[in-house]
>>> print(open('structure_33.txt').read())   # compact mmCIF, C-alpha atoms (C1' of nucleotides)
# COMPACT_ATOMS: atom_id res chain seq x y z
CA MET A 887 30.56 -193.45 -80.26
CA ILE A 888 31.60 -192.51 -80.20
CA ASN A 889 31.93 -190.06 -77.35
CA LYS A 890 30.31 -186.67 -77.59
CA SER A 891 32.94 -185.07 -79.71
CA GLY A 892 33.88 -187.23 -82.50
CA ILE A 893 34.66 -190.43 -84.12
CA PHE A 894 36.73 -191.99 -81.36
CA SER A 895 36.45 -192.22 -77.59
CA LYS A 896 38.64 -189.97 -75.52
CA SER A 897 40.74 -192.99 -74.54
CA CYS A 898 41.24 -193.81 -78.17
CA SER A 899 42.25 -190.26 -79.01
CA HIS A 900 44.82 -190.41 -76.23
CA ALA A 901 46.00 -193.77 -77.55
CA LEU A 902 46.43 -192.46 -81.07
CA LYS A 903 48.39 -189.48 -79.83
CA ALA A 904 50.52 -191.56 -77.48
CA ALA A 905 51.29 -194.15 -80.12
CA THR A 906 52.17 -191.45 -82.58
CA PHE A 907 54.60 -189.87 -80.16
CA VAL A 908 56.19 -193.22 -79.33
CA GLY A 909 56.36 -193.73 -83.08
CA LYS A 910 58.04 -190.41 -83.63
CA LYS A 911 60.77 -191.40 -81.17
CA GLY A 912 60.86 -194.84 -82.76
CA LEU A 913 61.99 -193.22 -86.00
CA GLU A 914 65.32 -192.69 -84.25
CA ASN A 915 65.18 -195.92 -82.22
CA LYS A 916 64.58 -194.17 -78.94
CA ALA A 917 62.45 -195.27 -76.01
CA VAL A 918 60.40 -192.70 -74.11
CA LYS A 919 59.26 -192.52 -70.53
CA LEU A 920 55.63 -192.32 -69.49
CA LYS A 921 56.10 -188.86 -68.06
CA GLU A 922 57.44 -187.48 -71.29
CA ILE A 923 54.64 -189.05 -73.29
CA ALA A 924 51.92 -187.70 -71.01
CA GLU A 925 53.41 -184.23 -71.16
CA GLU A 926 53.87 -184.31 -74.89
CA ILE A 927 50.29 -185.28 -75.61
CA ASN A 928 48.81 -183.32 -72.73
CA SER A 929 47.05 -186.27 -71.16
CA PRO A 930 46.86 -187.23 -67.47
CA LEU A 931 49.82 -189.33 -66.38
CA ALA A 932 48.10 -192.27 -64.71
CA PHE A 933 45.46 -192.53 -67.36
CA THR A 934 48.06 -192.44 -70.09
CA ALA A 935 49.81 -195.30 -68.31
CA LYS A 936 46.67 -197.43 -68.54
CA ILE A 937 46.28 -196.75 -72.21
CA LEU A 938 49.93 -197.49 -72.93
CA GLN A 939 49.56 -200.80 -71.14
CA LYS A 940 46.72 -201.70 -73.45
CA LEU A 941 48.84 -200.86 -76.45
CA VAL A 942 51.62 -203.05 -75.06
CA LYS A 943 49.23 -205.95 -74.53
CA ALA A 944 47.96 -205.52 -78.06
CA ASN A 945 51.56 -205.81 -79.27
CA ILE A 946 51.49 -202.40 -80.84
CA ILE A 947 54.29 -200.93 -78.75
CA GLU A 948 56.71 -202.50 -76.29
CA SER A 949 58.00 -201.51 -72.89
CA ASN A 950 60.95 -202.02 -70.55
CA ARG A 951 60.64 -201.71 -66.83
CA GLY A 952 63.12 -200.35 -64.38
CA ALA A 953 65.77 -197.69 -64.68
CA LYS A 954 66.43 -196.74 -68.29
CA GLY A 955 63.09 -198.30 -69.12
CA GLY A 956 60.32 -196.77 -71.18
CA PHE A 957 58.05 -197.37 -74.13
CA PHE A 958 59.21 -197.94 -77.66
CA ILE A 959 58.21 -199.33 -81.00
CA THR A 960 60.31 -201.37 -83.38
CA LYS A 961 60.93 -200.23 -86.94
CA VAL A 962 59.03 -203.27 -88.12
CA ASN A 963 55.94 -202.40 -86.09
CA LEU A 964 56.17 -198.75 -86.96
CA LYS A 965 55.66 -199.70 -90.57
CA LYS A 966 53.21 -202.49 -89.92
CA VAL A 967 50.82 -200.96 -87.37
CA VAL A 968 47.83 -199.21 -88.92
CA LEU A 969 45.30 -196.96 -87.21
CA LYS A 970 42.74 -199.71 -87.22
CA ASP A 971 44.94 -201.75 -84.89
CA ILE A 972 44.94 -198.97 -82.32
CA VAL A 973 41.23 -198.25 -82.64
CA PHE A 974 40.48 -201.94 -82.25
CA ALA A 975 42.74 -202.28 -79.22
CA ILE A 976 41.06 -199.41 -77.37
CA ASP A 977 37.49 -198.98 -78.63
CA GLY A 978 36.89 -202.45 -80.02
CA GLU A 979 35.38 -203.51 -83.28
CA GLY A 980 32.15 -201.51 -82.84
CA SER A 981 33.58 -198.10 -83.45
CA TYR A 982 35.43 -199.40 -86.47
CA SER A 983 32.59 -201.09 -88.24
CA GLY A 984 29.42 -200.74 -86.13
CA CYS A 985 25.97 -199.81 -87.40
CA ALA A 986 25.11 -196.14 -87.00
CA LEU A 987 21.88 -196.98 -85.17
CA GLY A 988 23.56 -199.62 -83.03
CA PHE A 989 22.02 -202.73 -84.55
CA GLU A 990 23.87 -205.98 -84.28
CA LYS A 991 22.71 -207.19 -87.63
CA CYS A 992 22.53 -204.44 -90.18
CA SER A 993 23.28 -205.22 -93.79
CA ALA A 994 22.22 -204.48 -97.33
CA SER A 995 19.57 -207.18 -97.04
CA LYS A 996 18.23 -205.87 -93.72
CA PRO A 997 19.38 -202.25 -93.68
CA CYS A 998 18.75 -199.85 -90.82
CA ALA A 999 17.14 -196.51 -91.61
CA LEU A 1000 20.54 -194.90 -92.03
CA HIS A 1001 22.36 -197.77 -93.68
CA PHE A 1002 22.67 -196.47 -97.21
CA GLN A 1003 23.50 -192.96 -96.12
CA ILE A 1004 26.25 -194.07 -93.75
CA LEU A 1005 27.69 -196.91 -95.81
CA PRO A 1006 30.02 -194.88 -98.04
CA ILE A 1007 31.26 -192.96 -95.02
CA ARG A 1008 31.98 -196.10 -93.05
CA GLU A 1009 33.76 -197.64 -96.01
CA LYS A 1010 35.90 -194.59 -96.47
CA LEU A 1011 36.73 -194.52 -92.78
CA LYS A 1012 37.68 -198.19 -92.77
CA GLU A 1013 39.83 -197.74 -95.82
CA THR A 1014 41.64 -194.85 -94.18
CA LEU A 1015 42.18 -196.67 -90.89
CA VAL A 1016 43.57 -199.67 -92.71
CA SER A 1017 45.83 -197.80 -95.08
CA THR A 1018 47.32 -195.23 -92.70
CA THR A 1019 50.32 -196.54 -90.80
CA LEU A 1020 51.61 -195.27 -87.52
CA LYS A 1021 54.76 -194.36 -89.40
CA ASP A 1022 52.76 -192.05 -91.63
CA LEU A 1023 51.50 -190.15 -88.59
CA ALA A 1024 54.88 -190.22 -86.84
CA ARG A 1025 56.70 -188.81 -89.84
CA ALA A 1026 54.25 -185.98 -90.34
CA VAL A 1027 54.56 -185.00 -86.69
CA ASP A 1028 58.34 -185.34 -86.83
CA GLU A 1029 58.45 -182.99 -89.78
CA ASN A 1030 56.26 -180.51 -87.94
CA ASN A 1031 53.51 -180.79 -90.48
CA THR A 1032 50.97 -181.96 -87.91
CA PHE A 1033 50.58 -181.73 -84.13
CA LEU A 1034 49.80 -183.69 -80.98
CA LYS A 1035 49.08 -180.67 -78.80
CA GLU A 1036 47.13 -177.48 -79.18
CA MET B 726 31.53 -191.03 -79.06
CA ILE B 727 30.93 -190.96 -79.89
CA ASN B 728 29.84 -194.01 -77.72
CA LYS B 729 31.66 -197.27 -78.15
CA SER B 730 29.79 -198.47 -81.17
CA GLY B 731 29.58 -195.88 -83.75
CA ILE B 732 29.25 -192.43 -85.00
CA PHE B 733 26.45 -191.24 -82.71
CA SER B 734 25.70 -191.58 -79.02
CA LYS B 735 23.05 -194.05 -77.98
CA SER B 736 20.71 -191.16 -77.20
CA CYS B 737 21.23 -189.81 -80.67
CA SER B 738 20.56 -193.19 -82.25
CA HIS B 739 17.31 -193.39 -80.30
CA ALA B 740 16.47 -189.85 -81.36
CA LEU B 741 17.06 -190.61 -85.02
CA LYS B 742 14.88 -193.71 -84.83
CA ALA B 743 12.14 -191.96 -82.85
CA ALA B 744 12.09 -188.99 -85.19
CA THR B 745 11.97 -191.28 -88.19
CA PHE B 746 8.99 -193.15 -86.78
CA VAL B 747 7.17 -189.93 -85.93
CA GLY B 748 8.03 -188.85 -89.47
CA LYS B 749 6.62 -192.02 -90.95
CA LYS B 750 3.32 -191.36 -89.20
CA GLY B 751 3.58 -187.73 -90.22
CA LEU B 752 3.42 -188.83 -93.85
CA GLU B 753 -0.25 -189.52 -93.18
CA ASN B 754 -0.74 -186.65 -90.74
CA LYS B 755 -1.02 -188.86 -87.71
CA ALA B 756 0.20 -188.28 -84.18
CA VAL B 757 1.72 -191.14 -82.19
CA LYS B 758 1.83 -191.86 -78.50
CA LEU B 759 5.04 -192.26 -76.54
CA LYS B 760 4.28 -195.89 -75.81
CA GLU B 761 3.91 -196.77 -79.45
CA ILE B 762 7.11 -194.98 -80.36
CA ALA B 763 9.12 -196.69 -77.64
CA GLU B 764 7.82 -200.08 -78.71
CA GLU B 765 8.40 -199.44 -82.37
CA ILE B 766 12.02 -198.43 -81.92
CA ASN B 767 12.70 -200.82 -79.07
CA SER B 768 13.88 -198.17 -76.67
CA PRO B 769 13.04 -197.76 -72.97
CA LEU B 770 9.87 -195.77 -72.43
CA ALA B 771 11.01 -193.15 -69.94
CA PHE B 772 14.27 -192.57 -71.73
CA THR B 773 12.51 -192.22 -75.04
CA ALA B 774 10.27 -189.62 -73.40
CA LYS B 775 13.30 -187.53 -72.46
CA ILE B 776 14.68 -187.68 -75.94
CA LEU B 777 11.36 -186.77 -77.51
CA GLN B 778 11.16 -183.79 -75.21
CA LYS B 779 14.51 -182.61 -76.49
CA LEU B 780 13.31 -182.93 -80.06
CA VAL B 781 10.22 -180.92 -79.16
CA LYS B 782 12.31 -178.18 -77.56
CA ALA B 783 14.52 -178.12 -80.63
CA ASN B 784 11.36 -177.55 -82.72
CA ILE B 785 11.93 -180.69 -84.70
CA ILE B 786 8.70 -182.41 -83.71
CA GLU B 787 5.64 -181.20 -81.79
CA SER B 788 3.50 -182.67 -79.06
CA ASN B 789 0.03 -182.47 -77.55
CA ARG B 790 -0.70 -183.40 -73.96
CA GLY B 791 -3.74 -185.12 -72.54
CA ALA B 792 -6.17 -187.59 -73.98
CA LYS B 793 -5.77 -187.97 -77.74
CA GLY B 794 -2.37 -186.35 -77.37
CA GLY B 795 0.89 -187.58 -78.82
CA PHE B 796 3.89 -186.58 -80.88
CA PHE B 797 3.72 -185.44 -84.46
CA ILE B 798 5.55 -183.59 -87.16
CA THR B 799 4.16 -181.18 -89.70
CA LYS B 800 4.57 -181.76 -93.42
CA VAL B 801 6.65 -178.62 -93.58
CA ASN B 802 9.09 -179.85 -90.93
CA LEU B 803 9.17 -183.31 -92.37
CA LYS B 804 10.64 -181.84 -95.51
CA LYS B 805 12.76 -179.24 -93.80
CA VAL B 806 14.39 -181.17 -90.96
CA VAL B 807 17.73 -182.74 -91.87
CA LEU B 808 19.73 -185.28 -89.88
CA LYS B 809 22.15 -182.62 -88.80
CA ASP B 810 19.36 -180.89 -86.88
CA ILE B 811 18.71 -184.02 -84.83
CA VAL B 812 22.38 -184.77 -84.24
CA PHE B 813 22.92 -181.19 -83.13
CA ALA B 814 19.92 -181.26 -80.82
CA ILE B 815 21.08 -184.40 -79.04
CA ASP B 816 24.86 -184.72 -79.31
CA GLY B 817 25.76 -181.11 -79.97
CA GLU B 818 28.10 -179.61 -82.51
CA GLY B 819 31.11 -181.73 -81.50
CA SER B 820 29.95 -184.97 -82.98
CA TYR B 821 28.97 -183.18 -86.14
CA SER B 822 32.16 -181.32 -86.80
CA GLY B 823 34.64 -182.02 -84.01
CA CYS B 824 38.32 -182.83 -84.40
CA ALA B 825 39.10 -186.54 -84.32
CA LEU B 826 41.68 -186.06 -81.59
CA GLY B 827 39.44 -183.72 -79.61
CA PHE B 828 41.28 -180.46 -80.18
CA GLU B 829 39.34 -177.25 -79.94
CA LYS B 830 41.36 -175.59 -82.64
CA CYS B 831 42.29 -177.93 -85.42
CA SER B 832 42.54 -176.61 -88.94
CA ALA B 833 44.55 -176.84 -92.12
CA SER B 834 46.95 -174.27 -90.71
CA LYS B 835 47.35 -176.10 -87.38
CA PRO B 836 46.32 -179.64 -88.20
CA CYS B 837 46.19 -182.46 -85.68
CA ALA B 838 48.03 -185.67 -86.47
CA LEU B 839 44.90 -187.13 -88.04
CA HIS B 840 43.54 -184.01 -89.67
CA PHE B 841 44.25 -184.76 -93.30
CA GLN B 842 43.22 -188.38 -93.01
CA ILE B 843 39.91 -187.57 -91.36
CA LEU B 844 39.03 -184.43 -93.28
CA PRO B 845 37.44 -186.07 -96.33
CA ILE B 846 35.44 -188.40 -94.10
CA ARG B 847 34.17 -185.56 -91.96
CA GLU B 848 33.22 -183.55 -95.01
CA LYS B 849 31.35 -186.46 -96.50
CA LEU B 850 29.55 -187.05 -93.22
CA LYS B 851 28.57 -183.41 -92.91
CA GLU B 852 27.34 -183.35 -96.47
CA THR B 853 25.20 -186.42 -95.83
CA LEU B 854 23.76 -185.10 -92.59
CA VAL B 855 22.85 -181.82 -94.24
CA SER B 856 21.36 -183.29 -97.39
CA THR B 857 19.33 -186.13 -95.92
CA THR B 858 15.89 -185.06 -94.74
CA LEU B 859 13.77 -186.78 -92.15
CA LYS B 860 11.28 -187.34 -94.94
CA ASP B 861 13.86 -189.35 -96.86
CA LEU B 862 14.28 -191.68 -93.91
CA ALA B 863 10.56 -191.82 -93.14
CA ARG B 864 9.67 -192.72 -96.71
CA ALA B 865 12.21 -195.52 -96.95
CA VAL B 866 10.93 -197.00 -93.70
CA ASP B 867 7.34 -196.56 -94.80
CA GLU B 868 8.07 -198.46 -97.99
CA ASN B 869 9.74 -201.21 -96.01
CA ASN B 870 13.07 -200.61 -97.64
CA THR B 871 14.78 -199.89 -94.32
CA PHE B 872 14.12 -200.68 -90.67
CA LEU B 873 13.97 -199.23 -87.16
CA LYS B 874 14.13 -202.55 -85.34
CA GLU B 875 16.18 -205.69 -85.65
C1' DT C 430 73.39 -205.59 -52.14
C1' DT C 431 71.26 -201.55 -51.86
C1' DT C 432 69.06 -197.82 -54.11
C1' DA C 433 66.68 -195.18 -57.48
C1' DA C 434 63.97 -195.18 -61.61
C1' DA C 435 60.57 -197.14 -64.17
C1' DT C 436 56.50 -199.88 -65.60
C1' DC C 437 52.54 -203.06 -63.92
C1' DG C 438 48.30 -204.05 -61.73
C1' DG C 439 44.56 -203.61 -58.83
C1' DA C 440 41.55 -200.80 -56.05
C1' DC C 441 39.36 -196.63 -55.72
C1' DA C 442 37.14 -192.03 -57.07
C1' DT C 443 34.87 -189.04 -60.17
C1' DT C 444 32.16 -187.62 -63.93
C1' DC C 445 29.19 -188.37 -67.84
C1' DT C 446 25.72 -191.05 -70.08
C1' DT C 447 21.88 -193.80 -69.85
C1' DA C 448 17.77 -195.13 -67.56
C1' DT C 449 13.93 -195.06 -64.09
C1' DC C 450 10.52 -193.27 -60.96
C1' DT C 451 7.33 -190.08 -59.28
C1' DT C 452 4.54 -186.16 -59.39
C1' DA C 453 2.55 -182.33 -61.95
C1' DA C 454 0.14 -180.29 -65.78
C1' DT C 455 -2.92 -180.60 -69.67
C1' DT C 456 -6.62 -182.24 -72.39
C1' DG C 457 -10.86 -184.75 -74.12
C1' DA C 458 -14.74 -187.30 -72.91
C1' DT C 459 -18.37 -188.59 -69.74
C1' DA D 1413 -17.03 -181.29 -62.36
C1' DT D 1414 -14.84 -185.53 -62.60
C1' DC D 1415 -12.10 -188.98 -64.62
C1' DA D 1416 -8.88 -191.15 -67.54
C1' DA D 1417 -5.20 -190.60 -70.77
C1' DT D 1418 -1.31 -188.43 -71.92
C1' DT D 1419 2.97 -185.47 -72.09
C1' DA D 1420 6.30 -182.46 -68.98
C1' DA D 1421 9.64 -182.05 -65.61
C1' DG D 1422 12.51 -182.96 -61.85
C1' DA D 1423 14.81 -186.13 -58.74
C1' DT D 1424 17.17 -190.12 -58.42
C1' DA D 1425 19.61 -194.44 -59.69
C1' DA D 1426 22.55 -197.45 -62.33
C1' DG D 1427 26.35 -198.06 -65.45
C1' DA D 1428 30.18 -196.87 -68.26
C1' DA D 1429 34.00 -194.02 -69.24
C1' DT D 1430 37.52 -191.39 -67.41
C1' DG D 1431 40.85 -190.42 -64.11
C1' DT D 1432 43.74 -191.20 -59.53
C1' DC D 1433 46.42 -193.62 -56.03
C1' DC D 1434 49.34 -196.81 -54.14
C1' DG D 1435 51.94 -200.84 -53.57
C1' DA D 1436 54.39 -204.58 -56.27
C1' DT D 1437 57.72 -205.73 -59.57
C1' DT D 1438 61.59 -205.19 -62.54
C1' DT D 1439 65.94 -203.23 -63.91
C1' DA D 1440 70.33 -200.61 -64.12
C1' DA D 1441 73.73 -198.60 -61.70
C1' DA D 1442 76.34 -197.24 -57.64
>>> encode(input="structure_33.txt", output="structure tokens")
Amino acid sequence: MINKSGIFSKSCSHALKAATFVGKKGLENKAVKLKEIAEEINSPLAFTAKILQKLVKANIIESNRGAKGGFFITKVNLKKVVLKDIVFAIDGEGSYSGCALGFEKCSASKPCALHFQILPIREKLKETLVSTTLKDLARAVDENNTFLKE
Amino acid sequence: MINKSGIFSKSCSHALKAATFVGKKGLENKAVKLKEIAEEINSPLAFTAKILQKLVKANIIESNRGAKGGFFITKVNLKKVVLKDIVFAIDGEGSYSGCALGFEKCSASKPCALHFQILPIREKLKETLVSTTLKDLARAVDENNTFLKE
DNA sequence: TTTAAATCGGACATTCTTATCTTAATTGAT
DNA sequence: ATCAATTAAGATAAGAATGTCCGATTTAAA
């Protein structure tokens, strides 16, 4: 629920922004420090740290501790990771494919009251989350066509 | 989060179900009592009461107190109320039209990193919420084509 | 080997959403 | 008038999401 303002939770929005920024730096094989990420996406430092850890555990990005450490993403992952992976890692399956009225079992054969209205939207969303790679987002941001901050 | 499992908050899901059930009864000009609504949509009584009150204040449904009281909807409103009205009343504008990354100002001229991916989905969702009436939902439920309970 | 720079991990705090409880107000019927 | 049924409204509680703090761990470099 999605949270009060949109499709993803706030955590997930932060995650998408953070991953995109790490991805942008990954385009030139650079690692970035937590502090820089938090500043760049305008998200609280400690909270950003938690989210980044989840992304690391989900094998979306990687990290190095200690001096000269930081977060980074390999070229391979940059191409391979799609938005769905991030949404799953943070918000879980529900927000990716859940029923609009919250039913566990909702299908064409036992459809909730909103099923047929929401179906095409859900399908389109899924398709987008599966087909958009982190690299797509990173490139657009790198080329200044889109933004991670207001 | 929209809440963790979907497009609408849990409150909003309850609201949509409750309104649909009141609408179903409205098809035959009947009022329904809180208790019956809560049972029918499988939602906690007191919480359902709160949500119904919001719908009353938003002029979506009406209520009568005292013996023989209950909640009801007029034929006029049944036809006129669209899903957007309910979503607005409960979750506010954000979940209807908010930016996927939570930015206040996100537009084609200053697009967030997800703007162009999410745009068609948002538009489709808006279109659906504006074009689907409560009567549409109520009728489908009344004809046993869709459900309000698992 | 010490030190400084980082991430990691767990405990804690805060805020928002969801849910309950209790009392008041209203209404119809006796 | 009184009583029972019912919604209205406010206070409070429980839970989940969001956010903070601090100490532990790892690493590179001096």
>>> residues_around(input="structure_33.txt", residues="segment 915-930 of chain A", least_positions_apart="4", cutoff="9 Å", atoms="all atoms listed in the file", output="MDAnalysis selection string")
(chainID A and resid 900 903:904 907:908 910:911 934:935 938 949:950 954:961 1034:1036) or (chainID C and resid 435:436) or (chainID D and resid 1431)
>>> atom_distance(input="structure_33.txt", atom1="atom CA of Asn869 of chain B", atom2="atom CA of Leu780 of chain B")
24.5 Å
>>> residues_near_point(input="structure_33.txt", point="(42.7, -195.7, -65.7)", cutoff="12 Å", atoms="only C-alpha atoms (C1' of nucleotides)", output="list of chain:residue names")
A:Ser897, A:His900, A:Ser929, A:Pro930, A:Leu931, A:Ala932, A:Phe933, A:Thr934, A:Ala935, A:Lys936, A:Ile937, A:Leu938, A:Gln939, A:Lys940, C:DG438, C:DG439, C:DA440, C:DC441, C:DA442, C:DT443, D:DA1429, D:DT1430, D:DG1431, D:DT1432, D:DC1433
>>> closest_residue(input="structure_33.txt", among="B:Arg790, B:Val801, B:Ala744, B:Ser856", to="chain C", atoms="only C-alpha atoms (C1' of nucleotides)")
B:Arg790
>>> interface_residues(input="structure_33.txt", of="chain C", to="chain B", cutoff="8 Å", atoms="all atoms listed in the file", output="JSON, numbers by chain")
{"C": [447, 448, 449, 455, 456, 457]}
>>> write_last_selection(input="structure_33.txt", atoms="C-alpha atoms (C1' of nucleotides)", output="short mmCIF file (atom, residue, chain, number, x, y, z; two decimals), keeping the file's coordinate frame")
data_model
loop_
_atom_site.label_atom_id
_atom_site.label_comp_id
_atom_site.auth_asym_id
_atom_site.auth_seq_id
_atom_site.Cartn_x
_atom_site.Cartn_y
_atom_site.Cartn_z
"C1'" DT C 447 21.88 -193.80 -69.85
"C1'" DA C 448 17.77 -195.13 -67.56
"C1'" DT C 449 13.93 -195.06 -64.09
"C1'" DT C 455 -2.92 -180.60 -69.67
"C1'" DT C 456 -6.62 -182.24 -72.39
"C1'" DG C 457 -10.86 -184.75 -74.12
#
>>> closest_residue(input="structure_33.txt", among="B:Val781, B:Ser820, B:Gly751, B:Ser738", to="chain D", atoms="only C-alpha atoms (C1' of nucleotides)")
B:Val781
